[in-house]
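Below: the structure, in structure tokens.
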Amino acid sequence: HIQMKCYQLHLSPEFNNALSVLFDSLYNSYEIQGTISEDCIYQGSPQFIQKEFGSRNIPASGNWRWNQAKPRKTVMIPGGQVTFFKLTPRKLHSSDAPVPSYKLWKFCIKLRNCCAFYSLWCEKGPLNPQQNTPPTFSLQDFDFLASFMNPETAEELWPSYQSKPSCC
């Protein structure tokens with residue numbers, strides 16, 4: 001695991017946190033995509049993108065767009081550098097609708113003598129409905145427990161259950 005603390009001394013806690021999330025994502029596994037996915041605005045979802053893009057290319061609502069909220073910071077890392085900044089929603093002039101309080105970080109990872117790739121990480125945003133959907137179970141999924149229960153209770157829960165005689 002790359003030791004990054006020495007590179008982060010001059011950053012605010014907010015920038016340190018964003019950089020730590022990037023390094024954790026890089027250290028674990030990641031897939032570099034060709035384009036930005038619509039789910040980049042879901043909280044906690046890091047995304048790696050092959051090609052450069054502007055903030056107008058990041059999915060937003062019709063009443064707001066992404067706007068750079070903090071100055072860019074550049075940090076030297078072993079084998080290259082990372083330039084990053086925070087984006088927040090900004091109201092479009094033509095809208096009276098409220099603007100959400102999302103936080104999105106954009107990173108440009110430049111590797112020495114090689115290439116650059118990009119990352120987005122949503123620090124604050126809506127939860128991904130696909131990741132937070134609880135698993136669905138039916139009572140039938142638990143019928144294997146019938147043999148461990150009082151036979152009358154088991155027959156109430158699973159009418160097709162018939163207890164087997166304990167002898168023979």
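Letters A, B, ... go to the chains of the structure tokens in the order shown; residues in each chain start at 1; ligands are counted from 1 in the same order.
Residue neighbourhood of A:Ser160, excluding near-sequence residues (fewer than 6 positions): Gln140, Asp143, Ala146, Pro151, Glu152 and Ala154 of chain A, at 12 Å, using only C-alpha atoms.
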Next, the residues of the selection above should be written as a PDB file, in the first residue's frame with N, CA, C and O atoms.
ATOM      1  N   GLN A 140     -41.306 -19.047   1.909  1.00  0.00           N
ATOM      2  CA  GLN A 140     -40.940 -20.328   1.300  1.00  0.00           C
ATOM      3  C   GLN A 140     -39.424 -20.537   1.327  1.00  0.00           C
ATOM      4  O   GLN A 140     -38.960 -21.672   1.387  1.00  0.00           O
ATOM      5  N   ASP A 143     -38.370 -22.692   4.372  1.00  0.00           N
ATOM      6  CA  ASP A 143     -39.048 -23.955   4.669  1.00  0.00           C
ATOM      7  C   ASP A 143     -38.092 -25.054   5.127  1.00  0.00           C
ATOM      8  O   ASP A 143     -38.505 -26.014   5.760  1.00  0.00           O
ATOM      9  N   ALA A 146     -38.331 -26.101   8.823  1.00  0.00           N
ATOM     10  CA  ALA A 146     -39.510 -26.804   9.338  1.00  0.00           C
ATOM     11  C   ALA A 146     -39.149 -28.025  10.178  1.00  0.00           C
ATOM     12  O   ALA A 146     -39.775 -28.283  11.207  1.00  0.00           O
ATOM     13  N   PRO A 151     -43.988 -29.268  14.858  1.00  0.00           N
ATOM     14  CA  PRO A 151     -44.676 -29.645  13.627  1.00  0.00           C
ATOM     15  C   PRO A 151     -45.945 -28.833  13.350  1.00  0.00           C
ATOM     16  O   PRO A 151     -46.228 -28.501  12.198  1.00  0.00           O
ATOM     17  N   GLU A 152     -46.674 -28.484  14.393  1.00  0.00           N
ATOM     18  CA  GLU A 152     -47.909 -27.707  14.184  1.00  0.00           C
ATOM     19  C   GLU A 152     -47.585 -26.295  13.662  1.00  0.00           C
ATOM     20  O   GLU A 152     -48.248 -25.781  12.763  1.00  0.00           O
ATOM     21  N   ALA A 154     -44.856 -25.456  12.031  1.00  0.00           N
ATOM     22  CA  ALA A 154     -44.329 -25.628  10.678  1.00  0.00           C
ATOM     23  C   ALA A 154     -45.461 -25.793   9.667  1.00  0.00           C
ATOM     24  O   ALA A 154     -45.424 -25.219   8.572  1.00  0.00           O
TER      25      ALA A 154
END
Residues flagged helix (DSSP H, G or I) by DSSP in stretch 2-160 of chain A, as a PyMOL selection string: chain A and resi 5-7+13-27+38-41+55-57+139-148+151-157
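Atom pair atom CA of A:Thr83 / atom CA of A:Gly125: separated by 22.1 Å.
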Excluding A:Glu123 and any residue of its chain fewer than 3 positions from it, enumerate the residues within 10 Å of it, using only C-alpha atoms, and give them as a list in words. Asn17, Ala18, Val21, Ile41, Tyr42, Gln43, Gly44, Ser45, Pro46, Lys86, Tyr102, Lys103, Leu104, Trp105, Leu120 and Pro126 of chain A
Which of these, A:Phe48, A:Trp64, A:Phe84, A:Trp121, has the shortest distance to A:Cys108 once you count only C-alpha atoms?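 Result for the nearest residue to A:Cys108: A:Phe84.
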Interatomic distance (Å, one decimal) between atom CA of A:Ser25 and atom CA of A:Ser61: 26.8 Å
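Picture a line from atom CA of A:Ala116 to atom CA of A:Gln50; it runs 7.8 Å.
For stretch 69-79 of chain A, the list of residues within 7 Å, based on only C-alpha atoms and with local chain neighbours fewer than 5 positions off taken out, reads Tyr7, Phe84, Phe85, Lys86, Leu87, Thr88, Leu111 and Arg112 of chain A.
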Could you write out the selected residues, including C-alpha atoms, as a PDB file, in the first residue's frame?
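Once everything was written out, this is selection-v2.pdb:
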ATOM      1  CA  TYR A   7       2.532  14.015   0.407  1.00  0.00           C
ATOM      2  CA  PHE A  84      -7.915  17.363  -8.089  1.00  0.00           C
ATOM      3  CA  PHE A  85     -10.729  19.668  -7.010  1.00  0.00           C
ATOM      4  CA  LYS A  86     -14.244  19.654  -5.598  1.00  0.00           C
ATOM      5  CA  LEU A  87     -17.382  20.248  -7.655  1.00  0.00           C
ATOM      6  CA  THR A  88     -20.759  21.315  -6.271  1.00  0.00           C
ATOM      7  CA  LEU A 111       1.673   8.854 -14.662  1.00  0.00           C
ATOM      8  CA  ARG A 112       5.240   9.780 -15.524  1.00  0.00           C
TER       9      ARG A 112
END
Would you list the contacts of stretch 96-99 of chain A as a list in words, taking every protein, DNA or RNA residue within 10 Å and counting only C-alpha atoms, but skipping same-chain residues closer than 4 positions in sequence?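 Listing them by chain and then by number gives Ser61, Gly62, Asn63, Trp64, Arg65, Thr88, Pro89, Arg90, Lys91 and Leu92 of chain A.
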Which residue is closest to A:Lys106? Choose from A:Cys122, A:Leu26, A:Ala60, A:Leu157 and count only C-alpha atoms.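 Distance minimum relative to A:Lys106 lands on A:Cys122.
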